[in-house]
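K.L.:
Below is the file my_file26.txt, which contains compact mmCIF, C-alpha atoms.
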```txt
# COMPACT_ATOMS: atom_id res chain seq x y z
CA MET A 538 18.07 -15.61 -20.21
CA ASP A 539 15.76 -13.34 -22.21
CA MET A 540 11.98 -13.59 -21.93
CA THR A 541 9.45 -12.76 -24.63
CA ILE A 542 6.93 -10.29 -23.30
CA SER A 543 3.78 -9.42 -25.25
CA PHE A 544 1.65 -6.56 -24.06
CA THR A 545 -0.39 -3.61 -25.28
CA LEU A 546 1.42 -0.27 -25.33
CA ASN A 547 -0.53 2.92 -25.97
CA GLY A 548 -3.27 0.93 -27.63
CA ARG A 549 -0.99 -1.11 -29.89
CA PRO A 550 0.33 -4.67 -29.51
CA GLU A 551 4.02 -4.81 -28.61
CA GLN A 552 6.43 -7.71 -28.18
CA VAL A 553 9.93 -7.54 -26.77
CA GLU A 554 12.70 -9.96 -25.80
CA VAL A 555 14.36 -8.77 -22.65
CA PRO A 556 16.10 -10.13 -19.56
CA PRO A 557 13.61 -10.51 -16.70
CA HIS A 558 15.49 -8.32 -14.24
CA ILE A 559 14.83 -5.03 -16.03
CA THR A 560 11.96 -2.81 -14.98
CA LEU A 561 9.09 -1.42 -17.03
CA LEU A 562 10.86 1.95 -16.84
CA ASP A 563 14.01 0.47 -18.40
CA LEU A 564 11.87 -1.26 -21.01
CA LEU A 565 10.05 1.92 -22.01
CA ARG A 566 13.04 4.25 -22.12
CA ASP A 567 16.03 2.10 -23.02
CA VAL A 568 14.50 -0.68 -25.10
CA LEU A 569 11.56 1.07 -26.75
CA GLY A 570 12.96 4.59 -26.84
CA LEU A 571 9.90 6.18 -25.23
CA THR A 572 11.66 8.76 -23.12
CA GLY A 573 8.56 10.71 -22.10
CA THR A 574 8.49 8.65 -18.89
CA LYS A 575 11.24 9.97 -16.63
CA ARG A 576 13.79 8.31 -14.38
CA GLY A 577 13.78 10.09 -11.01
CA CYS A 578 14.44 8.39 -7.68
CA GLU A 579 13.96 4.79 -8.86
CA ALA A 580 12.55 4.06 -5.41
CA GLY A 581 8.86 4.81 -5.89
CA GLU A 582 9.05 8.09 -3.97
CA CYS A 583 8.96 10.84 -6.62
CA GLY A 584 6.43 9.64 -9.22
CA ALA A 585 8.43 10.87 -12.23
CA CYS A 586 8.18 7.39 -13.75
CA THR A 587 4.39 7.08 -13.39
CA VAL A 588 2.53 5.26 -16.18
CA LEU A 589 -0.85 3.54 -16.35
CA LEU A 590 -0.92 -0.24 -15.98
CA ASP A 591 -4.36 -1.67 -16.75
CA GLY A 592 -5.71 1.84 -16.32
CA ARG A 593 -4.11 2.56 -12.92
CA ALA A 594 -1.17 4.79 -12.07
CA VAL A 595 1.94 2.88 -11.01
CA ASN A 596 5.63 3.63 -10.54
CA SER A 597 7.20 1.96 -13.57
CA CYS A 598 10.55 1.86 -11.72
CA LEU A 599 9.08 -0.76 -9.41
CA VAL A 600 7.39 -2.98 -12.01
CA PRO A 601 9.52 -5.87 -13.29
CA ALA A 602 9.13 -5.96 -17.08
CA PRO A 603 7.73 -9.54 -17.13
CA GLN A 604 4.76 -8.41 -15.06
CA VAL A 605 3.29 -6.38 -17.94
CA ALA A 606 2.80 -9.49 -20.11
CA GLY A 607 -0.80 -9.57 -21.33
CA ARG A 608 -1.52 -6.17 -19.77
CA GLU A 609 -2.12 -2.64 -21.04
CA VAL A 610 0.44 0.08 -20.53
CA VAL A 611 -0.24 3.72 -21.32
CA THR A 612 2.55 6.31 -21.22
CA VAL A 613 2.45 10.07 -21.69
CA GLU A 614 3.11 9.51 -25.39
CA GLY A 615 -0.23 7.71 -25.47
CA LEU A 616 -2.16 10.80 -24.44
CA ALA A 617 -1.59 12.48 -27.80
CA PRO A 618 -1.30 9.57 -30.22
CA LEU A 619 -1.77 11.60 -33.39
CA GLY A 620 0.04 14.70 -32.18
CA LYS A 621 -3.07 16.51 -30.99
CA LEU A 622 -2.85 17.33 -27.29
CA ALA A 623 -5.43 15.83 -24.99
CA PRO A 624 -7.66 18.33 -23.10
CA LEU A 625 -5.72 17.43 -19.93
CA GLN A 626 -2.42 18.43 -21.54
CA GLN A 627 -3.93 21.62 -23.00
CA ALA A 628 -5.25 22.53 -19.55
CA PHE A 629 -1.70 22.22 -18.14
CA ILE A 630 -0.44 24.66 -20.76
CA ASP A 631 -3.36 27.06 -20.27
CA HIS A 632 -2.82 27.16 -16.49
CA GLY A 633 0.97 27.51 -16.50
CA ALA A 634 1.30 24.11 -14.83
CA VAL A 635 4.53 23.22 -16.66
CA GLN A 636 7.89 24.79 -15.78
CA CYS A 637 10.87 22.52 -16.23
CA GLY A 638 8.52 19.76 -17.29
CA PHE A 639 10.33 16.90 -15.61
CA CYS A 640 7.47 15.96 -13.27
CA THR A 641 4.86 16.61 -15.92
CA PRO A 642 4.55 13.23 -17.64
CA GLY A 643 4.18 11.45 -14.31
CA ILE A 644 1.66 13.96 -12.99
CA LEU A 645 -0.35 13.76 -16.22
CA MET A 646 -0.64 9.99 -15.82
CA SER A 647 -1.69 10.26 -12.17
CA ALA A 648 -4.25 12.88 -13.24
CA LYS A 649 -5.50 10.64 -16.02
CA ASP A 650 -6.08 7.79 -13.56
CA LEU A 651 -8.09 10.18 -11.39
CA LEU A 652 -10.16 11.63 -14.23
CA ASP A 653 -10.87 8.20 -15.72
CA HIS A 654 -12.31 6.99 -12.40
CA THR A 655 -13.72 10.02 -10.62
CA ALA A 656 -16.29 12.47 -11.92
CA ASP A 657 -15.98 16.06 -10.71
CA PRO A 658 -13.05 15.61 -8.29
CA SER A 659 -12.62 18.19 -5.54
CA GLN A 660 -9.30 19.99 -5.12
CA ALA A 661 -8.68 17.78 -2.08
CA LYS A 662 -9.22 14.65 -4.15
CA ILE A 663 -6.92 16.03 -6.85
CA ARG A 664 -4.17 16.68 -4.31
CA GLU A 665 -4.58 13.14 -2.99
CA ALA A 666 -4.32 11.76 -6.50
CA ILE A 667 -1.02 13.54 -7.17
CA ALA A 668 0.36 12.99 -3.65
CA GLY A 669 2.80 10.48 -5.09
CA ASN A 670 4.28 12.99 -7.55
CA LEU A 671 6.88 15.57 -6.55
CA CYS A 672 7.22 18.90 -8.35
CA ARG A 673 10.09 21.19 -7.44
CA CYS A 674 9.09 24.12 -9.64
CA THR A 675 5.45 25.07 -9.53
CA GLY A 676 4.22 24.75 -5.96
CA TYR A 677 1.42 22.52 -7.30
CA GLN A 678 -1.35 25.17 -7.32
CA GLN A 679 -1.37 25.60 -11.11
CA ILE A 680 -1.25 21.84 -11.53
CA VAL A 681 -4.29 21.32 -9.29
CA GLU A 682 -6.21 24.07 -11.13
CA ALA A 683 -5.29 22.57 -14.50
CA ILE A 684 -6.59 19.15 -13.45
CA GLU A 685 -9.77 20.70 -12.03
CA ASP A 686 -10.29 22.53 -15.32
CA ALA A 687 -9.63 19.38 -17.34
CA ALA A 688 -12.26 17.55 -15.29
CA ARG A 689 -14.75 20.32 -16.05
CA ARG A 690 -13.93 20.14 -19.75
CA ALA A 691 -14.37 16.37 -19.72
CA ASP A 692 -17.72 16.65 -17.90
CA ALA A 693 -18.89 19.33 -20.32
CA ALA A 694 -17.93 17.17 -23.28
CA GLU A 695 -20.20 14.34 -22.12
CA MET B 453 19.81 -4.80 -10.81
CA LYS B 454 21.84 -7.95 -10.75
CA PRO B 455 20.38 -10.65 -12.99
CA PHE B 456 18.14 -13.39 -11.66
CA ASP B 457 16.00 -16.20 -13.05
CA TYR B 458 12.28 -15.64 -13.24
CA ILE B 459 9.50 -18.15 -12.69
CA VAL B 460 5.84 -17.29 -13.20
CA ALA B 461 3.64 -19.43 -10.96
CA ARG B 462 0.04 -19.78 -12.16
CA THR B 463 -1.24 -21.77 -9.17
CA VAL B 464 -0.41 -22.16 -5.48
CA PRO B 465 0.98 -25.71 -6.04
CA GLU B 466 3.29 -24.34 -8.75
CA ALA B 467 4.45 -21.56 -6.45
CA VAL B 468 5.20 -23.76 -3.44
CA ALA B 469 6.95 -26.30 -5.67
CA ALA B 470 9.22 -23.55 -7.00
CA LEU B 471 9.86 -22.23 -3.48
CA SER B 472 10.69 -25.72 -2.27
CA GLU B 473 13.01 -26.44 -5.19
CA HIS B 474 14.88 -23.14 -4.81
CA ALA B 475 14.68 -22.90 -1.03
CA GLY B 476 17.09 -20.30 0.25
CA SER B 477 17.64 -18.54 -3.05
CA ALA B 478 14.07 -17.73 -4.07
CA ARG B 479 12.25 -14.45 -3.45
CA ILE B 480 8.51 -14.04 -3.84
CA LEU B 481 7.25 -11.27 -6.14
CA ALA B 482 3.71 -9.95 -5.77
CA GLY B 483 3.40 -6.17 -6.20
CA GLY B 484 7.14 -5.58 -6.13
CA THR B 485 7.08 -2.32 -4.21
CA ASP B 486 9.27 -3.65 -1.40
CA LEU B 487 11.15 -6.34 -3.30
CA LEU B 488 12.52 -4.12 -6.05
CA ILE B 489 13.82 -1.57 -3.56
CA GLU B 490 15.61 -4.37 -1.76
CA LEU B 491 16.99 -5.88 -4.94
CA ARG B 492 18.51 -2.53 -5.88
CA ARG B 493 20.43 -2.26 -2.63
CA HIS B 494 24.08 -2.94 -3.35
CA SER B 495 24.41 -4.71 -0.07
CA SER B 496 21.70 -7.28 -0.70
CA ARG B 497 22.57 -10.72 -1.96
CA PRO B 498 21.08 -11.26 -5.42
CA PRO B 499 18.38 -13.92 -5.46
CA GLY B 500 18.92 -16.96 -7.62
CA VAL B 501 15.31 -16.86 -8.69
CA VAL B 502 12.27 -14.63 -8.35
CA VAL B 503 8.94 -16.46 -8.14
CA ASP B 504 6.19 -14.26 -9.54
CA VAL B 505 2.93 -15.15 -7.75
CA SER B 506 0.98 -12.15 -9.03
CA ARG B 507 -0.91 -14.19 -11.63
CA ILE B 508 -2.44 -16.66 -9.15
CA GLU B 509 -6.14 -15.82 -9.38
CA ALA B 510 -7.00 -17.91 -6.32
CA LEU B 511 -5.07 -15.41 -4.15
CA ARG B 512 -7.07 -12.36 -5.22
CA ASP B 513 -10.48 -12.53 -3.60
CA ILE B 514 -12.15 -10.48 -0.85
CA SER B 515 -15.20 -12.28 0.52
CA ARG B 516 -17.43 -12.50 3.54
CA ASP B 517 -19.19 -15.60 4.89
CA GLY B 518 -21.41 -14.75 7.85
CA ASP B 519 -19.13 -12.84 10.22
CA GLU B 520 -15.88 -14.14 8.76
CA ILE B 521 -14.00 -12.02 6.24
CA PHE B 522 -11.44 -13.64 3.95
CA LEU B 523 -8.74 -11.70 2.12
CA GLY B 524 -6.51 -12.94 -0.66
CA PRO B 525 -2.92 -11.81 -0.12
CA LEU B 526 -2.72 -10.31 -3.61
CA THR B 527 -5.33 -7.72 -2.65
CA THR B 528 -3.73 -4.36 -3.27
CA HIS B 529 -3.92 -1.52 -0.77
CA ALA B 530 -6.05 0.39 -3.28
CA GLU B 531 -8.52 -2.49 -3.54
CA LEU B 532 -8.64 -2.81 0.26
CA ALA B 533 -9.23 0.91 0.68
CA ARG B 534 -12.25 0.91 -1.61
CA SER B 535 -13.69 -2.48 -0.66
CA ASP B 536 -17.33 -2.32 0.47
CA ILE B 537 -16.87 -5.56 2.42
CA ILE B 538 -13.98 -4.11 4.42
CA ARG B 539 -15.68 -0.76 4.86
CA ALA B 540 -18.62 -2.58 6.43
CA GLY B 541 -16.67 -5.12 8.48
CA ALA B 542 -13.41 -3.38 9.48
CA PRO B 543 -13.43 0.27 8.38
CA PHE B 544 -10.11 1.11 10.06
CA LEU B 545 -8.43 -1.40 7.76
CA CYS B 546 -9.67 0.71 4.83
CA SER B 547 -8.12 3.76 6.48
CA ALA B 548 -4.83 1.98 7.06
CA ALA B 549 -4.61 0.62 3.52
CA GLY B 550 -5.50 4.06 2.21
CA ALA B 551 -2.61 5.55 4.18
CA VAL B 552 0.07 3.35 2.64
CA GLY B 553 2.59 5.04 0.37
CA SER B 554 1.01 6.89 -2.52
CA PRO B 555 -1.68 6.13 -5.11
CA GLN B 556 0.96 4.51 -7.32
CA ILE B 557 2.25 2.32 -4.49
CA ARG B 558 -1.27 1.43 -3.39
CA ASN B 559 -2.14 0.27 -6.92
CA ARG B 560 0.65 -2.32 -6.74
CA GLY B 561 1.55 -3.08 -3.13
CA THR B 562 -0.31 -6.04 -1.66
CA LEU B 563 -1.66 -7.01 1.74
CA GLY B 564 0.40 -10.19 1.66
CA GLY B 565 3.56 -8.29 0.90
CA ASN B 566 2.88 -5.79 3.68
CA ILE B 567 2.52 -8.63 6.20
CA MET B 568 5.36 -10.83 4.98
CA ASN B 569 7.85 -7.99 4.62
CA ALA B 570 6.99 -7.21 8.26
CA ALA B 571 8.49 -3.75 8.34
CA ALA B 572 7.92 -2.09 11.73
CA CYS B 573 6.01 0.62 9.89
CA ALA B 574 3.67 -1.75 7.95
CA ASP B 575 0.35 0.04 8.16
CA THR B 576 -2.09 -2.83 7.64
CA VAL B 577 -0.66 -4.86 10.51
CA PRO B 578 -1.93 -2.92 13.57
CA PRO B 579 -5.58 -3.16 12.46
CA LEU B 580 -5.16 -6.85 11.60
CA ILE B 581 -3.71 -7.56 15.03
CA ALA B 582 -6.59 -5.65 16.64
CA LEU B 583 -8.94 -7.84 14.58
CA GLY B 584 -7.29 -11.03 15.82
CA ALA B 585 -6.48 -12.01 12.23
CA VAL B 586 -5.28 -15.47 11.26
CA VAL B 587 -3.00 -16.14 8.28
CA THR B 588 -2.73 -19.34 6.27
CA LEU B 589 0.66 -20.45 5.00
CA ALA B 590 1.07 -23.04 2.26
CA SER B 591 4.11 -25.09 1.38
CA ALA B 592 4.91 -28.28 -0.50
CA ASP B 593 4.16 -30.09 2.81
CA GLY B 594 0.65 -28.70 3.24
CA GLU B 595 -0.98 -25.79 5.01
CA ARG B 596 -0.97 -24.27 8.47
CA ASP B 597 -2.61 -21.36 10.24
CA CYS B 598 -0.93 -18.75 12.42
CA HIS B 599 -2.44 -16.10 14.60
CA LEU B 600 -1.02 -12.81 13.42
CA SER B 601 -0.43 -11.75 17.01
CA GLY B 602 2.21 -14.44 17.35
CA PHE B 603 3.52 -14.29 13.81
CA PHE B 604 6.23 -11.65 14.17
CA SER B 605 9.40 -12.18 16.15
CA ARG B 606 11.14 -8.88 15.40
CA PRO B 607 11.10 -6.30 12.58
CA TYR B 608 11.40 -7.93 9.15
CA ALA B 609 11.09 -11.41 10.64
CA THR B 610 8.05 -13.66 10.63
CA ALA B 611 7.34 -17.21 11.71
CA ALA B 612 7.01 -18.26 8.07
CA ARG B 613 9.60 -20.61 6.66
CA ARG B 614 11.38 -19.59 3.47
CA GLU B 615 9.47 -22.05 1.34
CA GLU B 616 6.05 -20.97 2.61
CA LEU B 617 3.57 -18.79 0.77
CA LEU B 618 0.92 -16.68 2.48
CA THR B 619 -2.39 -17.72 0.93
CA GLN B 620 -5.11 -16.16 3.05
CA VAL B 621 -5.81 -13.62 5.77
CA ARG B 622 -9.03 -13.95 7.71
CA PHE B 623 -10.70 -12.29 10.67
CA THR B 624 -14.08 -11.87 12.31
CA ALA B 625 -15.80 -8.70 11.21
CA LEU B 626 -16.36 -6.02 13.81
CA SER B 627 -19.92 -5.91 15.13
CA PRO B 628 -21.96 -3.17 13.45
CA GLY B 629 -21.92 -1.01 16.60
CA ALA B 630 -18.15 -1.22 17.10
CA ARG B 631 -16.16 1.88 16.23
CA SER B 632 -12.66 1.77 14.82
CA ALA B 633 -9.95 4.20 13.78
CA PHE B 634 -6.43 4.22 12.40
CA VAL B 635 -4.17 7.25 12.79
CA LYS B 636 -0.72 7.58 11.30
CA LEU B 637 2.02 10.11 11.87
CA GLY B 638 4.61 10.60 9.17
CA ARG B 639 7.07 13.15 7.90
CA ARG B 640 5.06 14.11 4.81
CA ASN B 641 1.52 13.82 3.51
CA ALA B 642 2.13 10.79 1.35
CA LEU B 643 4.92 8.29 0.89
CA SER B 644 5.43 8.55 4.61
CA ILE B 645 7.05 5.78 6.52
CA SER B 646 4.92 5.62 9.65
CA ARG B 647 6.84 7.26 12.45
CA LEU B 648 4.08 6.09 14.78
CA SER B 649 0.57 4.82 14.22
CA VAL B 650 -2.37 3.56 16.27
CA ALA B 651 -5.19 1.18 15.40
CA ALA B 652 -8.11 1.26 17.83
CA VAL B 653 -11.49 -0.41 18.27
CA VAL B 654 -14.07 0.61 20.87
CA ALA B 655 -17.46 -1.01 21.39
CA THR B 656 -20.01 0.34 23.86
CA ASP B 657 -23.07 -1.30 25.40
CA ALA B 658 -26.64 0.04 25.37
CA GLU B 659 -25.79 2.55 28.14
CA GLY B 660 -22.79 3.86 26.23
CA ILE B 661 -20.29 2.18 28.57
CA VAL B 662 -17.16 0.72 26.98
CA ALA B 663 -17.60 -3.04 26.65
CA ASP B 664 -14.65 -3.87 24.39
CA ALA B 665 -11.48 -2.00 23.51
CA ARG B 666 -8.47 -2.86 21.38
CA ILE B 667 -5.40 -0.66 21.03
CA VAL B 668 -2.50 -1.61 18.76
CA PRO B 669 0.27 0.93 18.21
CA GLY B 670 2.46 0.69 15.13
CA ALA B 671 6.20 1.38 14.97
CA ALA B 672 6.23 1.68 18.76
CA PHE B 673 7.20 -1.71 20.10
CA GLY B 674 9.66 -4.31 18.86
CA VAL B 675 6.72 -6.31 17.55
CA TRP B 676 3.07 -5.34 17.37
CA LYS B 677 0.80 -6.10 20.28
CA ARG B 678 -2.45 -5.06 21.88
CA VAL B 679 -1.72 -2.88 24.90
CA MET B 680 -3.91 -4.76 27.38
CA GLU B 681 -3.35 -2.40 30.32
CA ALA B 682 -4.70 0.54 28.34
CA GLU B 683 -7.61 -1.53 27.02
CA HIS B 684 -8.61 -2.61 30.54
CA LEU B 685 -8.50 0.98 31.67
CA LEU B 686 -11.31 1.80 29.28
CA ILE B 687 -13.60 -1.14 29.92
CA GLY B 688 -16.61 -0.45 32.14
CA LYS B 689 -16.21 3.32 31.88
CA LEU B 690 -17.97 6.08 29.97
CA PRO B 691 -15.91 7.37 27.02
CA SER B 692 -14.37 10.80 27.56
CA THR B 693 -11.37 12.75 26.37
CA ALA B 694 -9.85 12.54 29.85
CA LEU B 695 -10.21 8.76 29.84
CA PHE B 696 -8.67 8.53 26.39
CA ALA B 697 -5.78 10.74 27.48
CA ASP B 698 -5.17 8.41 30.45
CA ALA B 699 -5.15 5.44 28.11
CA GLY B 700 -2.67 7.26 25.90
CA ARG B 701 -0.32 7.95 28.79
CA LEU B 702 -0.54 4.30 29.83
CA VAL B 703 0.46 3.19 26.33
CA ALA B 704 3.39 5.61 26.44
CA ASP B 705 4.48 4.28 29.84
CA THR B 706 4.23 0.71 28.57
CA MET B 707 6.27 1.58 25.51
CA VAL B 708 9.04 3.18 27.56
CA ARG B 709 9.05 0.35 30.07
CA GLU B 710 9.33 -2.32 27.38
CA THR B 711 11.59 -0.71 24.82
CA GLY B 712 13.69 1.40 27.17
CA ARG B 713 14.71 5.05 26.83
CA ARG B 714 16.25 5.66 23.42
CA TRP B 715 17.21 8.75 21.50
CA SER B 716 13.68 8.90 20.08
CA THR B 717 11.83 8.51 23.40
CA ASP B 718 11.64 12.25 24.18
CA TYR B 719 9.67 12.55 20.98
CA LYS B 720 7.78 9.28 20.87
CA GLU B 721 6.57 9.27 24.46
CA PRO B 722 4.24 12.29 24.35
CA VAL B 723 3.39 11.66 20.71
CA ILE B 724 2.21 8.07 21.12
CA ALA B 725 0.08 9.22 24.07
CA ALA B 726 -1.48 11.91 21.89
CA LEU B 727 -1.99 9.54 18.95
CA VAL B 728 -3.76 6.98 21.15
CA ARG B 729 -6.03 9.71 22.49
CA ARG B 730 -6.64 10.93 18.93
CA ALA B 731 -7.42 7.45 17.63
CA LEU B 732 -9.90 6.83 20.45
CA GLU B 733 -11.52 10.22 19.85
CA ARG B 734 -11.74 9.48 16.16
CA CYS B 735 -13.65 6.29 16.97
CA PHE B 736 -16.40 8.56 18.26
CA ALA B 737 -16.13 11.30 15.66
CA VAL B 738 -19.29 11.82 13.66
CA ASN B 739 -17.70 12.57 10.30
CA ASP B 740 -14.54 10.77 9.33
```
Take the structure in the file and give it back as structure tokens.
P.N.:
Amino acid sequence: MDMTISFTLNGRPEQVEVPPHITLLDLLRDVLGLTGTKRGCEAGECGACTVLLDGRAVNSCLVPAPQVAGREVVTVEGLAPLGKLAPLQQAFIDHGAVQCGFCTPGILMSAKDLLDHTADPSQAKIREAIAGNLCRCTGYQQIVEAIEDAARRADAAE
Amino acid sequence: MKPFDYIVARTVPEAVAALSEHAGSARILAGGTDLLIELRRHSSRPPGVVVDVSRIEALRDISRDGDEIFLGPLTTHAELARSDIIRAGAPFLCSAAGAVGSPQIRNRGTLGGNIMNAAACADTVPPLIALGAVVTLASADGERDCHLSGFFSRPYATAARREELLTQVRFTALSPGARSAFVKLGRRNALSISRLSVAAVVATDAEGIVADARIVPGAAFGVWKRVMEAEHLLIGKLPSTALFADAGRLVADTMVRETGRRWSTDYKEPVIAALVRRALERCFAVND
């Protein structure tokens, strides 16, 4: 039997009627058509499905849709709401941190969690923050440098 | 996933009533990081109903009253890892919680789920056993307490009945002078199922002689336990690497004696000895 779920998605109120056994990942991609969040392992091991739930990075493949009721979800689409890239995204481009791009949305959301909660993170802290995200293309170095740069840009902007 | 019914419990009485009504076909949902993996397995029987307990505010708190620390089972590993109360009263529990999974898993996975799922690799359990933790279970019939040391019968099995809900974990804080450490060995940096782990506590007297020692390996025995023989070896002696190495070898011998020689023993035997030594050394490390 379908449940009505009301929540905030990328800053806007959203309401859906869905069966309770689907996950947040299914809800975002298949019901709401937001395909920026990727389906990878569906076991919480690759991080491709990472989104922010109440400001914290989570694997959306492991969140039952009913659990987002009354909560705030932010996806990669929410980083550039009016089409203008966030400094974090621009830093990824500037540092060559995107190759195939499949891991990128998930890594951006893990990075956003870090930058929202930690001022001036060290490279070690950055690597810890993205430890739950696998990238098969880049070798991570450009990603870490992009996040470090984005942190600097954010600090400079304050 | 196969379909199931979904009940949101707002209070403990609501939750235990639902568990009682659907006994046998109900599964408890907190953070979901173990449950959803299990529900996706083709071989698992679909639950009739999932009881979502994640909204029960009464199960969230971390508090300290004198020397007693109380943990709500909905505390996430992330919250545990950054808790000032836990850092002051049981720092190796912060380390263990911080070693679980990945940041994404730690933001969702709960202490209660880690205990009740009772996987042999559950990282918060060795420190809790070393702390002599007690858990409270609630059901429609009332409440009861269990010592965690007697709570597990074998991997993935606890003494809890199907209609019981874990409502509290409590333990006595370590004395300010006690040192503790948790070390974990896994196949990758994060998202590592513990291949082996060790939780250790060492307290010394005014002369620096070991007065209290607790050693709990993880993923080494059928169920978790303090290795008393190794603990007694340390008591009354001055800490040293050689002593810690002896304790490690004793733990390895105990493990082999109790679990027998298996395909993994050639690996686990020297490694558990080294991990015990490392954990004890880390108790005395200046910066950690």
K.L.:
List as a PyMOL selection string the protein and nucleic acid residues near segment 471-473 of chain B, meaning an atom at most 12 Å away when only C-alpha atoms are counted, but skip any in the same chain fewer than 2 places from it.
P.N.:
chain B and resi 459-461+464-469+475-481+500-505+590-594+613-617
K.L.:
Dump as a Markdown table the rows for residues of chain A within 10 Å of chain B: closest atom pair and distance in Å with one decimal, only C-alpha atoms counted, ordered by chain and rising residue number.
P.N.:
```
| residue | atom | partner | partner_atom | distance |
| --- | --- | --- | --- | --- |
| A:Met538 | CA | B:Asp457 | CA | 7.5 |
| A:Asp539 | CA | B:Asp457 | CA | 9.6 |
| A:Met540 | CA | B:Tyr458 | CA | 8.9 |
| A:Pro556 | CA | B:Pro455 | CA | 7.9 |
| A:Pro557 | CA | B:Tyr458 | CA | 6.3 |
| A:His558 | CA | B:Pro455 | CA | 5.6 |
| A:Ile559 | CA | B:Met453 | CA | 7.2 |
| A:Thr560 | CA | B:Leu488 | CA | 9.0 |
| A:Glu579 | CA | B:Ile489 | CA | 8.3 |
| A:Ala580 | CA | B:Ile489 | CA | 6.1 |
| A:Gly581 | CA | B:Ile557 | CA | 7.2 |
| A:Glu582 | CA | B:Leu643 | CA | 6.4 |
| A:Cys583 | CA | B:Leu643 | CA | 8.9 |
| A:Gly584 | CA | B:Gln556 | CA | 7.7 |
| A:Thr587 | CA | B:Gln556 | CA | 7.4 |
| A:Val588 | CA | B:Gln556 | CA | 9.0 |
| A:Leu589 | CA | B:Gln556 | CA | 9.3 |
| A:Leu590 | CA | B:Asn559 | CA | 9.2 |
| A:Arg593 | CA | B:Asn559 | CA | 6.7 |
| A:Ala594 | CA | B:Gln556 | CA | 5.2 |
| A:Val595 | CA | B:Gln556 | CA | 4.2 |
| A:Asn596 | CA | B:Gln556 | CA | 5.7 |
| A:Ser597 | CA | B:Gln556 | CA | 9.2 |
| A:Cys598 | CA | B:Leu488 | CA | 8.5 |
| A:Leu599 | CA | B:Thr485 | CA | 5.8 |
| A:Val600 | CA | B:Gly484 | CA | 6.4 |
| A:Pro601 | CA | B:Gly484 | CA | 7.6 |
| A:Pro603 | CA | B:Tyr458 | CA | 8.5 |
| A:Gln604 | CA | B:Ser506 | CA | 8.0 |
| A:Ser647 | CA | B:Gln556 | CA | 8.0 |
| A:Asp650 | CA | B:Pro555 | CA | 9.7 |
| A:Leu651 | CA | B:Pro555 | CA | 9.8 |
| A:Glu665 | CA | B:Pro555 | CA | 7.9 |
| A:Ala666 | CA | B:Pro555 | CA | 6.4 |
| A:Ile667 | CA | B:Pro555 | CA | 7.7 |
| A:Ala668 | CA | B:Ala642 | CA | 5.7 |
| A:Gly669 | CA | B:Ser554 | CA | 4.8 |
| A:Asn670 | CA | B:Ser554 | CA | 8.6 |
```
K.L.:
First collect every listed atom of segment 555-561 of chain A; then fit an axis-aligned box around them, widen it by 3 Å on each side, and give centre and edge lengths in Å to one decimal, as lines of an AutoDock Vina configuration file.
P.N.:
```
center_x = 12.6
center_y = -6.0
center_z = -18.4
size_x = 13.0
size_y = 15.1
size_z = 14.4
```
K.L.:
Near Val568 of chain A, counting only C-alpha atoms, which residues have an atom at most 12 Å away, once you skip same-chain residues fewer than 5 positions from it, shown as a PyMOL selection string?
P.N.:
chain A and resi 551-556+559-563+602
K.L.:
I'd like to know which of B:Gly565, B:Gly518, B:Pro499, B:Pro722 is closest to Phe623 of chain B, using all atoms listed in the file.
P.N.:
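Comparing B:Gly565, B:Gly518, B:Pro499, B:Pro722 against Phe623 of chain B, the winner is B:Gly518.
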K.L.:
Quick check, in Å to one decimal: how far apart do atom CA of Pro691 of chain B and atom CA of Pro543 of chain B lie?
P.N.:
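Between atom CA of Pro691 of chain B and atom CA of Pro543 of chain B the gap works out to 20.1 Å.
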K.L.:
Please provide the set of residues having any atom within 9 Å of Leu563 of chain B, restricted to all atoms listed in the file, with same-chain residues fewer than 4 positions apart removed, written as a PyMOL selection string.
P.N.:
chain B and resi 523-529+532+549+567-568+576+621
K.L.:
Go ahead and compute the interatomic distance for atom CA of Ala570 of chain B and atom CA of Pro607 of chain B, in Å to one decimal.
P.N.:
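Taking atom CA of Ala570 of chain B as the start and atom CA of Pro607 of chain B as the end point, the length is 6.0 Å.
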K.L.:
In Å, rounded to a single decimal, give me how far atom CA of Arg608 of chain A is from atom CA of Ala648 of chain A.
P.N.:
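Computed distance, atom CA of Ala648 of chain A to atom CA of Arg608 of chain A, equals 20.3 Å.
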K.L.:
From the set B:Ala671, B:Phe603, B:Arg622, B:His684, which residue has the shortest atom-to-atom contact distance to Asp513 of chain B, counting all atoms listed in the file?
P.N.:
B:Arg622
K.L.:
Quick one: of B:Ile661, B:Leu589, B:Ala548, B:Ile581, who's nearest to Arg534 of chain B, counting only C-alpha atoms?
P.N.:
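Distance minimum relative to Arg534 of chain B lands on B:Ala548.
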K.L.:
In terms of the shortest atom-to-atom distance over all atoms listed in the file, which of A:His654, A:Arg576, A:His632, A:Lys621 is closest to Ile680 of chain A?
P.N.:
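Going through A:His654, A:Arg576, A:His632, A:Lys621 one by one, the smallest distance to Ile680 of chain A is for A:His632.
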K.L.:
Skip segment 700-702 of chain B itself and residues of its chain fewer than 5 positions away, then list as number ranges by chain all residues within 6 Å of it, counting all atoms listed in the file.
P.N.:
B: 682, 725, 728-729
K.L.:
Keeping C-alpha atoms for every residue in the selection just given, could you write it to a file as a JSON list (two decimals), keeping the file's coordinate frame?
P.N.:
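Output (again-v9.json):
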```
[["chain", "number", "residue", "atom", "x", "y", "z"],
["B", 682, "ALA", "CA", -4.70, 0.54, 28.34],
["B", 725, "ALA", "CA", 0.08, 9.22, 24.07],
["B", 728, "VAL", "CA", -3.76, 6.98, 21.15],
["B", 729, "ARG", "CA", -6.03, 9.71, 22.49]]
```
